[in-house]
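K.L.:
Quick one: this structure, given as structure tokens, is what I'll be asking you about.
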Amino acid sequence: SYAANMSGKPGAMTAYALAELCYQTLLEDGVAAKSACEVHAVTPALERIVEANTLLSGIGFESGGLAACHAVHNGLATLKQTKGATHGDKVAIGVLTQLMLTGEPHEIIDQAYSFCEMVGLPTTLAEIGLELVSDDDLMRVAERTASEDDTAHNLARPVTRRDVFAALKAADAEGRRRKLVLAE
């Protein structure tokens with residue numbers, strides 16, 4: 001949406017290029033890097049993921065700001081049931097929610113869910129402590145996410161609490177559906 005970045009300037013070309021590089025690096029090296037990390041082995045794949053997660057995403061964040069993924073994190077953090085979930089786990093749910101919110105093509109949504117499944121990131125609300133979450137609590141998350149002072153408004157379309165609520169429900173439903181299919 002060319003919203004202001006973290007320094008108050010319009011989004012830069014750098015942010016888009018770095019976001020694409022981070023995305024491709026995660027897809028290409030994420031699974032191998034996680035495996036290497038689990039056995040305490042430093043490999044080129046792990047080094048590329050560390051670079052993407054720290055340097056590249058940091059410069060991208062400074063250049064382009066944040067969007068709904070982190071606003072969803074902020075909304076989820078308002079529920080005490082999510083206190084045991086990490087920042088990354090809540091942002092992963094935020095990524096899946098943002099994909100639903102923006103109506104991305106099925107191929108992109110499938111790729112994101114598949115990646116999360118392969119590296120062990122959550123794809124359902126139950127995995128971040130919200131197995132029995134009420135619609136009232138989800139609406140509280142949606143209200144915080146869509147608040148004027150958060151970054152969901154950096155998307156290229158207007159974002160309402162009802163949009164976020166529906167996207168949270170849809171993202172969770174897709175995660176649960178996929179878990180059932182994988183279990184068969």
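Residue numbering restarts at 1 in every chain; chains get A, B, ... in the order shown in the structure tokens, and ligands count up from 1 in that same order.
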Mind checking which residues fall within 12 Å of A:Val133, counting only C-alpha atoms, ignoring those fewer than 4 positions away in the same chain, and posting them as a VMD selection string?

P.N.:
chain A and resid 76 79 to 82 124 to 129 137 to 141 168 to 169 172

K.L.:
What's the 8 Å shell around A:Leu101, counting only C-alpha atoms, without same-chain residues fewer than 2 positions away, as an NGL selection string?

P.N.:
:A and (97-99 or 103 or 163-164 or 166-167)

K.L.:
Identify, with DSSP run on backbone atoms, the residues in chain A assigned to alpha helix (DSSP H), and express the list as a count of residues only.

P.N.:
114

K.L.:
Enter the distance from atom CA of A:Leu55 to atom CA of A:Tyr16, in Å, rounded to one decimal.

P.N.:
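Computed distance, atom CA of A:Leu55 to atom CA of A:Tyr16, equals 14.7 Å.
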
K.L.:
If we count only C-alpha atoms, what is near A:Tyr113 at a cut-off of 8 Å, once residues fewer than 3 positions away on the same chain are taken out, given as a list in words?

P.N.:
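My list of contacting residues is Leu96, Ile109, Asp110, Cys116, Glu117, Thr123 and Gly175 of chain A.
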
K.L.:
For the atom pair atom CA of A:Leu182 and atom CA of A:His106, what is the interatomic distance in Å to one decimal place?

P.N.:
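It comes out at 17.8 Å.
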
K.L.:
Would you please work out which residue, of A:Ala36, A:Met118, A:Leu132, A:Ala68, is nearest to A:Ser147 when using only C-alpha atoms?

P.N.:
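Closest to A:Ser147 of all the choices is A:Ala68.
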
K.L.:
Using only C-alpha atoms, find the one residue out of A:Lys90, A:Lys34, A:Lys83, A:Arg144 that sits nearest to A:Phe165.

P.N.:
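Residue with the minimum atom-to-atom distance to A:Phe165: A:Arg144.
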